[in-house]
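Engineer: Below is final-v9.cif; it holds mmCIF, C-alpha atoms and all ligand atoms.
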data_model
loop_
_atom_site.label_atom_id
_atom_site.label_comp_id
_atom_site.auth_asym_id
_atom_site.auth_seq_id
_atom_site.Cartn_x
_atom_site.Cartn_y
_atom_site.Cartn_z
CA MET A 21 54.62 -20.68 -25.63
CA SER A 22 53.13 -21.38 -28.96
CA THR A 23 54.84 -21.00 -32.22
CA GLY A 24 53.08 -18.69 -34.56
CA SER A 25 52.37 -19.73 -38.06
CA GLY A 26 52.89 -16.46 -39.78
CA SER A 27 49.95 -14.21 -39.10
CA GLY A 28 52.46 -11.41 -39.01
CA GLU A 29 51.76 -10.33 -35.39
CA PHE A 30 53.89 -10.80 -32.32
CA CYS A 31 53.09 -10.83 -28.61
CA PRO A 32 54.22 -7.43 -27.23
CA ARG A 33 55.25 -9.09 -23.96
CA CYS A 34 57.25 -12.16 -24.98
CA GLY A 35 57.74 -11.61 -28.69
CA ASP A 36 56.21 -14.88 -29.76
CA ALA A 37 54.31 -14.89 -32.96
CA VAL A 38 50.58 -14.73 -32.31
CA GLU A 39 48.22 -16.73 -34.36
CA ARG A 40 44.99 -14.92 -34.90
CA PRO A 41 42.45 -17.12 -36.61
CA PRO A 42 41.01 -15.04 -39.42
CA ASP A 43 37.40 -15.52 -38.47
CA VAL A 44 37.76 -15.12 -34.72
CA ASP A 45 37.95 -11.76 -33.07
CA LEU A 46 40.00 -12.41 -29.96
CA PRO A 47 38.64 -10.67 -26.88
CA GLY A 48 40.86 -7.84 -25.85
CA ALA A 49 42.33 -7.62 -29.31
CA ALA A 50 40.20 -4.91 -30.73
CA ASP A 51 42.38 -1.84 -30.60
CA HIS A 52 45.79 -2.92 -29.47
CA ALA A 53 48.47 -5.49 -29.94
CA VAL A 54 47.47 -8.97 -28.93
CA LEU A 55 49.11 -10.88 -26.11
CA CYS A 56 49.73 -14.53 -26.71
CA ASP A 57 47.49 -16.86 -24.70
CA ASP A 58 50.20 -17.65 -22.16
CA CYS A 59 50.89 -14.01 -21.38
CA TYR A 60 47.21 -13.16 -21.45
CA PHE A 61 46.18 -15.82 -18.96
CA GLU A 62 49.14 -15.10 -16.72
CA GLU A 63 47.61 -11.78 -15.75
CA PHE A 64 43.98 -12.66 -16.28
CA ASP A 65 41.55 -12.32 -13.38
CA LEU A 66 38.06 -13.54 -14.08
CA VAL A 67 36.64 -11.89 -10.99
CA ASP A 68 37.35 -8.61 -9.28
CA ALA A 69 36.15 -8.97 -5.70
CA PRO A 70 36.36 -6.42 -2.90
CA GLU A 71 38.18 -7.50 0.25
CA ARG A 72 35.14 -6.97 2.36
CA ILE A 73 31.65 -5.65 1.97
CA GLU A 74 29.75 -3.76 4.61
CA VAL A 75 26.00 -3.62 4.37
CA ARG A 76 23.99 -1.19 6.48
CA VAL A 77 20.62 -2.70 7.26
CA CYS A 78 17.76 -1.16 9.22
CA SER A 79 17.08 -3.56 12.05
CA ARG A 80 13.46 -2.39 12.26
CA CYS A 81 12.21 -2.48 8.68
CA GLY A 82 14.95 -4.32 6.79
CA ALA A 83 15.77 -1.41 4.47
CA VAL A 84 19.30 -1.39 3.05
CA HIS A 85 21.52 1.66 2.74
CA ARG A 86 22.73 2.03 -0.84
CA GLY A 87 24.63 4.97 -2.21
CA ASN A 88 23.48 7.76 0.04
CA ARG A 89 19.98 6.64 0.82
CA TRP A 90 17.88 3.91 2.37
CA VAL A 91 15.96 1.66 0.06
CA ASP A 92 13.36 -0.95 0.80
CA VAL A 93 14.37 -4.32 -0.51
CA ASP A 94 12.33 -7.41 -0.94
CA ALA A 95 14.59 -9.66 1.09
CA ARG A 96 13.57 -12.43 3.43
CA ASP A 97 16.64 -12.19 5.65
CA TYR A 98 20.12 -10.73 5.95
CA THR A 99 21.64 -13.59 3.96
CA ASP A 100 19.48 -12.61 0.99
CA VAL A 101 20.61 -9.03 1.38
CA ALA A 102 24.25 -10.12 1.63
CA VAL A 103 23.99 -12.25 -1.53
CA GLU A 104 22.43 -9.38 -3.43
CA GLU A 105 25.04 -6.88 -2.30
CA THR A 106 27.82 -9.33 -3.16
CA ALA A 107 26.41 -9.82 -6.64
CA ASP A 108 26.31 -6.05 -7.07
CA ARG A 109 29.87 -5.51 -5.96
CA LEU A 110 31.69 -8.32 -7.77
CA GLY A 111 33.07 -7.47 -11.17
CA VAL A 112 33.51 -10.04 -13.92
CA HIS A 113 36.12 -9.53 -16.64
CA VAL A 114 34.56 -8.04 -19.76
CA ASP A 115 36.28 -10.56 -22.01
CA ALA A 116 34.51 -13.50 -20.39
CA ALA A 117 31.51 -15.05 -22.05
CA GLY A 118 28.89 -17.43 -20.67
CA VAL A 119 29.72 -16.54 -17.09
CA GLU A 120 27.92 -18.47 -14.39
CA TRP A 121 28.36 -18.18 -10.69
CA GLY A 122 27.23 -19.75 -7.48
CA VAL A 123 27.53 -18.63 -3.91
CA GLU A 124 27.61 -20.50 -0.61
CA PRO A 125 26.91 -18.16 2.27
CA GLU A 126 28.54 -19.17 5.53
CA GLN A 127 27.18 -17.51 8.64
CA VAL A 128 30.27 -16.79 10.73
CA ASP A 129 28.60 -14.84 13.49
CA PRO A 130 25.33 -12.91 13.73
CA ASN A 131 26.79 -9.99 11.81
CA THR A 132 29.21 -11.68 9.44
CA ILE A 133 28.44 -13.83 6.45
CA ARG A 134 31.31 -15.28 4.46
CA MET A 135 30.46 -15.56 0.79
CA HIS A 136 32.16 -18.41 -1.03
CA CYS A 137 31.71 -17.61 -4.68
CA ALA A 138 32.65 -19.80 -7.63
CA PHE A 139 32.68 -18.52 -11.21
CA THR A 140 33.04 -20.19 -14.57
CA GLY A 141 33.16 -18.72 -18.03
CA ILE A 142 34.81 -18.88 -21.44
CA VAL A 143 37.72 -16.69 -22.41
CA ARG A 144 39.59 -17.09 -25.69
CA GLU A 145 37.62 -20.29 -26.26
CA THR A 146 39.15 -21.64 -23.04
CA PRO A 147 37.00 -22.56 -20.02
CA VAL A 148 38.12 -20.62 -16.99
CA SER A 149 37.06 -20.74 -13.37
CA GLU A 150 37.81 -18.77 -10.26
CA GLU A 151 36.80 -18.76 -6.63
CA ALA A 152 36.55 -15.80 -4.35
CA THR A 153 35.63 -15.47 -0.71
CA VAL A 154 34.24 -12.18 0.49
CA PRO A 155 33.18 -11.46 4.05
CA VAL A 156 30.03 -9.40 4.30
CA TYR A 157 29.52 -7.44 7.50
CA VAL A 158 25.95 -6.55 8.35
CA ALA A 159 25.74 -3.32 10.30
CA ARG A 160 22.38 -3.09 12.06
CA GLN A 161 21.19 0.48 12.20
CA THR A 162 17.98 2.46 12.22
CA CYS A 163 16.92 4.07 8.97
CA ASP A 164 15.73 7.66 8.94
CA ARG A 165 12.10 6.62 8.54
CA CYS A 166 12.14 4.19 11.45
CA GLY A 167 13.99 6.78 13.51
CA ARG A 168 11.22 9.27 12.88
CA ILE A 169 8.49 6.76 13.63
CA ALA A 170 10.26 5.79 16.86
CA GLY A 171 10.54 9.48 17.71
CA ASP A 172 6.76 9.84 17.28
CA TYR A 173 7.28 12.22 14.38
CA TYR A 174 4.23 13.37 12.46
CA ALA A 175 3.25 16.33 10.33
CA ALA A 176 -0.47 15.78 9.92
CA ILE A 177 -3.43 14.57 11.92
CA VAL A 178 -6.55 13.19 10.33
CA GLN A 179 -9.52 13.28 12.70
CA LEU A 180 -12.60 11.28 11.83
CA ARG A 181 -15.75 12.80 13.28
CA ALA A 182 -19.42 12.85 12.32
CA SER A 183 -22.21 15.43 12.45
CA ASP A 184 -24.57 14.96 15.40
CA ARG A 185 -23.34 11.45 16.07
CA THR A 186 -20.12 9.47 16.46
CA PRO A 187 -18.68 7.52 13.53
CA THR A 188 -19.81 3.89 13.51
CA PRO A 189 -17.25 1.14 14.12
CA ALA A 190 -17.63 0.16 10.45
CA GLU A 191 -16.81 3.70 9.34
CA THR A 192 -13.84 3.89 11.69
CA ASP A 193 -12.51 0.52 10.47
CA ARG A 194 -12.96 1.59 6.87
CA ALA A 195 -11.11 4.86 7.45
CA VAL A 196 -8.18 2.95 8.97
CA ASP A 197 -8.17 0.61 5.95
CA ILE A 198 -8.24 3.55 3.55
CA ALA A 199 -5.31 5.20 5.32
CA GLU A 200 -3.28 2.00 5.47
CA SER A 201 -3.79 1.10 1.84
CA TYR A 202 -3.07 4.65 0.69
CA VAL A 203 0.19 4.68 2.63
CA ALA A 204 1.05 1.20 1.34
CA ASP A 205 0.48 2.38 -2.24
CA ARG A 206 2.79 5.30 -1.65
CA GLU A 207 5.42 3.03 -0.15
CA ALA A 208 5.13 0.73 -3.14
CA THR A 209 6.10 3.62 -5.40
CA GLY A 210 9.27 4.03 -3.32
CA ASP A 211 8.04 6.89 -1.14
CA ARG A 212 9.86 6.33 2.15
CA ASP A 213 8.29 9.43 3.67
CA ALA A 214 4.86 7.83 3.83
CA PHE A 215 3.96 6.29 7.15
CA ILE A 216 1.36 6.22 9.88
CA THR A 217 2.81 7.15 13.24
CA GLU A 218 -0.19 6.37 15.39
CA THR A 219 -3.78 5.19 15.11
CA THR A 220 -6.02 6.04 18.05
CA ARG A 221 -9.70 5.21 18.39
CA THR A 222 -11.33 7.76 20.64
CA ASP A 223 -14.81 8.31 22.05
CA ASP A 224 -15.35 10.87 19.28
CA GLY A 225 -14.09 8.71 16.45
CA LEU A 226 -10.56 8.26 15.19
CA ASP A 227 -7.26 10.15 15.23
CA LEU A 228 -4.50 9.26 12.78
CA LYS A 229 -1.02 10.76 13.00
CA LEU A 230 0.64 10.79 9.59
CA SER A 231 4.10 11.54 8.28
CA THR A 232 3.41 14.42 5.89
CA THR A 233 0.68 16.96 5.25
CA GLN A 234 0.39 15.58 1.74
CA ILE A 235 -0.36 12.11 3.13
CA GLY A 236 -2.85 13.62 5.59
CA GLN A 237 -4.63 15.45 2.79
CA GLY A 238 -4.67 12.33 0.60
CA VAL A 239 -6.16 10.18 3.36
CA ALA A 240 -8.82 12.75 4.28
CA LYS A 241 -9.82 13.17 0.63
CA ARG A 242 -10.18 9.43 0.09
CA VAL A 243 -12.20 8.93 3.27
CA VAL A 244 -14.69 11.60 2.16
CA GLU A 245 -14.85 10.19 -1.35
CA GLU A 246 -15.92 6.89 0.08
CA LEU A 247 -17.82 7.70 3.27
CA GLY A 248 -19.18 11.13 2.39
CA GLY A 249 -18.96 14.29 4.47
CA SER A 250 -16.50 17.14 4.23
CA VAL A 251 -12.95 18.06 5.27
CA SER A 252 -11.69 21.14 7.04
CA GLU A 253 -8.05 21.83 7.70
CA ALA A 254 -6.32 23.85 10.36
CA PRO A 255 -2.58 24.45 10.52
CA THR A 256 -0.91 24.69 13.90
CA LEU A 257 2.49 26.24 14.38
CA VAL A 258 4.57 23.65 16.14
CA THR A 259 8.05 25.02 16.26
CA GLU A 260 10.82 26.56 14.23
CA ASP A 261 13.36 24.31 12.60
CA GLU A 262 17.13 24.87 12.81
CA ASP A 263 16.98 27.35 9.91
CA GLY A 264 14.37 29.45 11.71
CA ASP A 265 11.59 28.37 9.34
CA GLU A 266 8.23 27.86 10.92
CA VAL A 267 7.10 24.27 11.08
CA TYR A 268 3.41 23.59 10.85
CA ARG A 269 1.38 20.57 11.57
CA VAL A 270 -1.95 20.38 9.80
CA THR A 271 -5.08 18.85 11.27
CA PHE A 272 -7.56 17.56 8.71
CA THR A 273 -10.98 17.04 10.25
CA VAL A 274 -13.26 14.75 8.31
CA ARG A 275 -16.85 15.31 9.30
CA LEU A 276 -19.01 12.43 8.17
CA PRO A 277 -22.62 13.11 7.24
CA PRO A 278 -25.26 12.87 9.99
CA TYR A 279 -26.96 9.89 8.36
CA THR A 280 -25.48 6.73 6.93
CA PRO A 281 -26.83 4.21 4.44
CA GLY A 282 -29.24 1.96 6.32
CA ASP A 283 -30.62 4.74 8.50
CA VAL A 284 -34.37 5.36 8.37
CA VAL A 285 -35.11 9.05 8.72
CA ASP A 286 -38.25 11.12 9.08
CA LEU A 287 -37.95 14.25 6.93
CA ASP A 288 -40.91 16.01 8.48
CA ASP A 289 -42.80 16.14 5.22
CA SER A 290 -45.98 14.33 4.24
CA ASP A 291 -44.32 11.57 2.20
CA GLY A 292 -43.26 9.37 5.08
CA PRO A 293 -39.93 7.97 6.21
CA VAL A 294 -36.92 7.41 3.94
CA LEU A 295 -34.42 4.58 4.01
CA VAL A 296 -31.04 6.22 3.34
CA THR A 297 -29.09 4.55 0.52
CA SER A 298 -26.29 7.08 0.05
CA ALA A 299 -24.87 10.05 1.91
CA ARG A 300 -22.38 11.10 -0.74
CA GLY A 301 -22.96 14.42 -2.43
CA ASN A 302 -26.45 14.78 -1.04
CA LEU A 303 -28.70 12.45 0.86
CA LYS A 304 -30.42 9.79 -1.25
CA GLY A 305 -32.85 7.06 -0.34
CA ARG A 306 -36.22 5.43 -0.87
CA ARG A 307 -39.59 6.32 0.51
CA LEU A 308 -40.86 3.44 2.62
CA ALA A 309 -44.52 4.18 1.86
CA THR A 310 -44.22 4.14 -1.93
CA GLY A 311 -40.73 2.95 -2.88
CA ASP A 312 -40.16 6.27 -4.68
CA ARG A 313 -36.62 7.58 -4.91
CA TYR A 314 -35.74 10.44 -2.63
CA GLU A 315 -32.90 12.88 -3.15
CA ALA A 316 -32.26 15.95 -1.02
CA ASP A 317 -31.90 19.16 -2.98
CA PHE A 318 -28.53 20.82 -3.41
CA GLU A 319 -29.06 23.25 -0.57
CA ALA A 320 -29.92 20.57 1.97
CA GLY A 321 -27.05 18.39 0.75
CA ILE A 322 -26.26 15.60 3.15
CA ASP A 323 -27.97 17.29 6.05
CA PRO A 324 -31.64 17.96 5.34
CA ASP A 325 -33.99 18.70 8.21
CA ALA A 326 -34.61 15.20 9.49
CA ARG A 327 -34.43 12.92 12.45
CA LYS A 328 -33.45 9.31 12.60
CA ILE A 329 -36.23 6.96 13.63
CA GLY A 330 -34.53 3.61 13.14
CA GLU A 331 -32.20 1.63 10.97
CA ARG A 332 -32.33 -1.29 8.62
CA ASP A 333 -30.72 -3.57 11.21
CA ASP A 334 -33.77 -3.10 13.42
CA ALA A 335 -36.03 -4.68 10.79
CA GLU A 336 -37.70 -8.01 11.51
CA PRO A 337 -39.20 -10.49 9.09
CA THR A 338 -42.94 -10.86 9.42
CA THR A 339 -45.80 -12.58 7.61
CA LEU A 340 -47.37 -10.91 4.61
CA VAL A 341 -51.03 -11.63 5.29
CA ALA A 342 -52.76 -10.13 2.28
CA VAL A 343 -52.41 -7.62 -0.52
CA THR A 344 -55.25 -5.18 -0.03
CA ASP A 345 -54.86 -3.03 -3.14
CA ASP A 346 -52.24 -1.10 -5.10
CA HIS A 347 -51.41 1.01 -2.10
CA ALA A 348 -51.86 -1.21 0.94
CA VAL A 349 -50.98 -4.64 2.33
CA GLN A 350 -51.70 -6.44 5.56
CA VAL A 351 -48.82 -7.76 7.64
CA LEU A 352 -48.50 -9.19 11.13
CA ASP A 353 -47.25 -6.66 13.66
CA PRO A 354 -44.03 -8.39 14.89
CA GLU A 355 -44.76 -7.35 18.47
CA THR A 356 -48.50 -7.87 18.85
CA TYR A 357 -49.02 -10.45 16.06
CA GLU A 358 -52.12 -8.55 15.06
CA SER A 359 -52.84 -8.08 11.40
CA VAL A 360 -52.29 -4.41 10.45
CA THR A 361 -52.70 -2.52 7.21
CA VAL A 362 -49.58 -0.69 6.03
CA PRO A 363 -48.53 1.16 2.85
CA ARG A 364 -47.50 -0.97 -0.12
CA PRO A 365 -44.17 0.23 -1.61
CA ASP A 366 -43.40 -0.75 -5.21
CA TYR A 367 -40.42 -2.88 -4.14
CA LEU A 368 -42.64 -5.24 -2.16
CA ASP A 369 -42.87 -8.70 -3.67
CA SER A 370 -46.58 -9.52 -3.43
CA ASP A 371 -45.83 -13.27 -3.70
CA ALA A 372 -43.54 -13.26 -0.68
CA GLU A 373 -44.62 -15.08 2.45
CA GLU A 374 -42.46 -12.94 4.68
CA VAL A 375 -41.29 -9.35 4.33
CA PRO A 376 -38.87 -7.28 6.46
CA VAL A 377 -40.65 -4.61 8.47
CA LEU A 378 -39.50 -1.79 10.70
CA LYS A 379 -41.69 -0.79 13.60
CA HIS A 380 -40.95 2.77 14.69
CA ARG A 381 -42.63 5.46 16.72
CA ASN A 382 -44.71 6.61 13.73
CA GLY A 383 -45.90 3.23 12.61
CA LEU A 384 -44.84 0.18 10.69
CA HIS A 385 -43.20 0.07 7.24
CA VAL A 386 -42.05 -2.65 4.87
CA LEU A 387 -38.35 -2.30 3.97
CA PRO A 388 -36.79 -3.37 0.68
CA GLU A 389 -34.94 -6.72 0.75
CA GLU A 390 -31.19 -6.19 1.11
ZN ZN B 1 53.38 -13.73 -24.84
ZN ZN B 2 13.75 1.21 8.92
#
Take the structure in the file and give it back as C-alpha cells.
Ligand SMILES: [Zn+2]
Ligand SMILES: [Zn+2]

Structural biologist:
Amino acid sequence: MSTGSGSGEFCPRCGDAVERPPDVDLPGAADHAVLCDDCYFEEFDLVDAPERIEVRVCSRCGAVHRGNRWVDVDARDYTDVAVEETADRLGVHVDAAGVEWGVEPEQVDPNTIRMHCAFTGIVRETPVSEEATVPVYVARQTCDRCGRIAGDYYAAIVQLRASDRTPTPAETDRAVDIAESYVADREATGDRDAFITETTRTDDGLDLKLSTTQIGQGVAKRVVEELGGSVSEAPTLVTEDEDGDEVYRVTFTVRLPPYTPGDVVDLDDSDGPVLVTSARGNLKGRRLATGDRYEADFEAGIDPDARKIGERDDAEPTTLVAVTDDHAVQVLDPETYESVTVPRPDYLDSDAEEVPVLKHRNGLHVLPEE
C-alpha cells in the first residue's frame, strides 16, 4: 500500500491516502471516491469473457444466426466465423486504453474451436495483460432460406417465350444472366428472400422459379428492357396458408418479339428487305437496297407484317467486281461465281475488295459490315 502525500482523499476500501496527480484524471475516478491502486487492481478484470459461445451456422450457405435472424457473413470458414463471434462477445474494461488482442484458434473437434485470447492494455498508467480461453461450439443447421430452397419453395415463375419462334440460345442465356445478377444484387443489399429455386431450359424457352412475386416481376421487367417484347402475368391460387389466407403464385410470361437483331425480313412492301437492328419499342433496321433507316410505325410495333428470309450469320464474303453507278454494283454470286448486278446501299465501301452478301429467295443483297 502506498502512503499518500496529502491530496486529502482516502481509499474507501483500505483507508490509505490516495495520491491523485493534479493533471491526471484517473480512470474510474470521475464521480466517486477513488480506490488506491492496490485495491483497484485486486478486483480489476481486463476482459469479461463468456464461459462458452455457441454459433449457429447454416451448413449450406454459411449464414450465421445473430440475434433472431440469419445473416450472410463474408467468412471463409467456421474458424473465421468463430473468431468474429468471439470478438463480438468479449468485453474489455472501459478503463483500459490502448487495448490490443490476439487469438489462437484451436480446433478441438469438427464442431468445437477453443479460442485462446491474449489481451494487453494500459490502466492507471500501468501495463496490464490477461488471457482468456473460450470454447466456441459451431451448431450446423439449415437457415430458413436454404430450407425453403431445399423444399422447392417458389412464389413466382418467369417463362421466357417468343412470338412465332422459340427464344434463341443467346436470348435464353442472357435471361438467365439477368435473373442471376438481379438476385445477386438483391442479396448484396441483405435481402435473404431473394433466390432462384430452379432454372429449366425447355423446348419452348426457359422457366425460372423464383422466391417472391416481386423478384419475378423484377426479372421479367429487366428481360424485356434488354431483349424487347412484353410481359403478361397470371396469378394461380396455390393453397391457403395456416391463417386461411389465399396464397398465390404468379406466372410472368415474357414474350420476346418475333424478330431479333440480325434477322433479315421481307416487309412485303416495295423497298426491299430490312436487316433488323433493334426489336425494342418497335422494330428498327436498315434497308438492304439503299441503306436507309427503317422503323415500324407505332401500331405495328415489334410485329409488323413481315417474314424472315435470312439472317446476318448466313452472309458470305464475296468479291466486289465493279461499281456500276450510284445505285448498283456488281458482285460475284457466292454460289455460281457469276458476276451479278445488285443494289448499292449507302453503307457499301466502294473501295472494298470483298463485301458480305446474303443470298435469299428474292435475290442477293450486300449487308453492312458488323
Ligand atoms: Zn485501498
Ligand atoms: Zn443457408

Engineer: Within 10 Å of ligand ZN 2 (chain B), counting all atoms listed in the file: which residues, as a list in words?

Structural biologist: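 Every residue with an atom at most 10 Å from ligand ZN 2 (chain B) is listed here: Val77, Cys78, Ser79, Arg80, Cys81, Gly82, Ala83, Val84, His85, Trp90, Val91, Asp92, Gln161, Thr162, Cys163, Asp164, Arg165, Cys166, Gly167, Arg168, Ile169, Ala170 and Arg212 of chain A.
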
Engineer: How far is it from atom CA of Val67 of chain A to atom CA of Gly111 of chain A, in Å with one decimal?

Structural biologist: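 Straight-line distance from atom CA of Val67 of chain A to atom CA of Gly111 of chain A works out to 5.7 Å.
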
Engineer: Write as number ranges by chain the residues around ligand ZN 1 (chain B), taking 7 Å as the cut-off and counting only C-alpha atoms and all ligand atoms.

Structural biologist: A: 31-36, 55-59

Engineer: Between atom CA of Val251 of chain A and atom CA of Pro324 of chain A, what distance in Å does the model show, to one decimal?

Structural biologist: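 Those two atoms sit 18.7 Å apart.
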
Engineer: Can you tell me, as a PyMOL selection string, what residues are no more than 12 Å from Pro125 of chain A when counting all atoms listed in the file, ignoring any on the same chain fewer than 2 positions away?

Structural biologist: chain A and resi 98-104+106+122-123+127-129+132-138+152-156

Engineer: Between A:Leu387, A:Ser231, A:Ala199, A:Asp265, which has the minimum distance to Asp213 of chain A (counting all atoms listed in the file)?

Structural biologist: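 Going through A:Leu387, A:Ser231, A:Ala199, A:Asp265 one by one, the smallest distance to Asp213 of chain A is for A:Ser231.
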
Engineer: Closest to Ser183 of chain A among A:Asp345, A:Asp224, A:Glu63, A:Asp286, using all atoms listed in the file?

Structural biologist: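 Under the stated criterion, the closest residue is A:Asp224.
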
Engineer: Between A:Val114, A:Leu66, A:Arg269, A:Ala37, single out the one closest to Leu257 of chain A, counting only C-alpha atoms.

Structural biologist: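 The shortest atom-to-atom distance to Leu257 of chain A comes from A:Arg269.
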
Engineer: As JSON, please report the centre and edge lengths, rounded to one decimal in Å, of the axis-aligned box that holds all listed atoms of segment 118-135 of chain A with 5 Å of padding on each of the six sides.

Structural biologist:
{"center_x": 28.3, "center_y": -15.2, "center_z": -3.5, "size_x": 16.0, "size_y": 20.5, "size_z": 44.4}
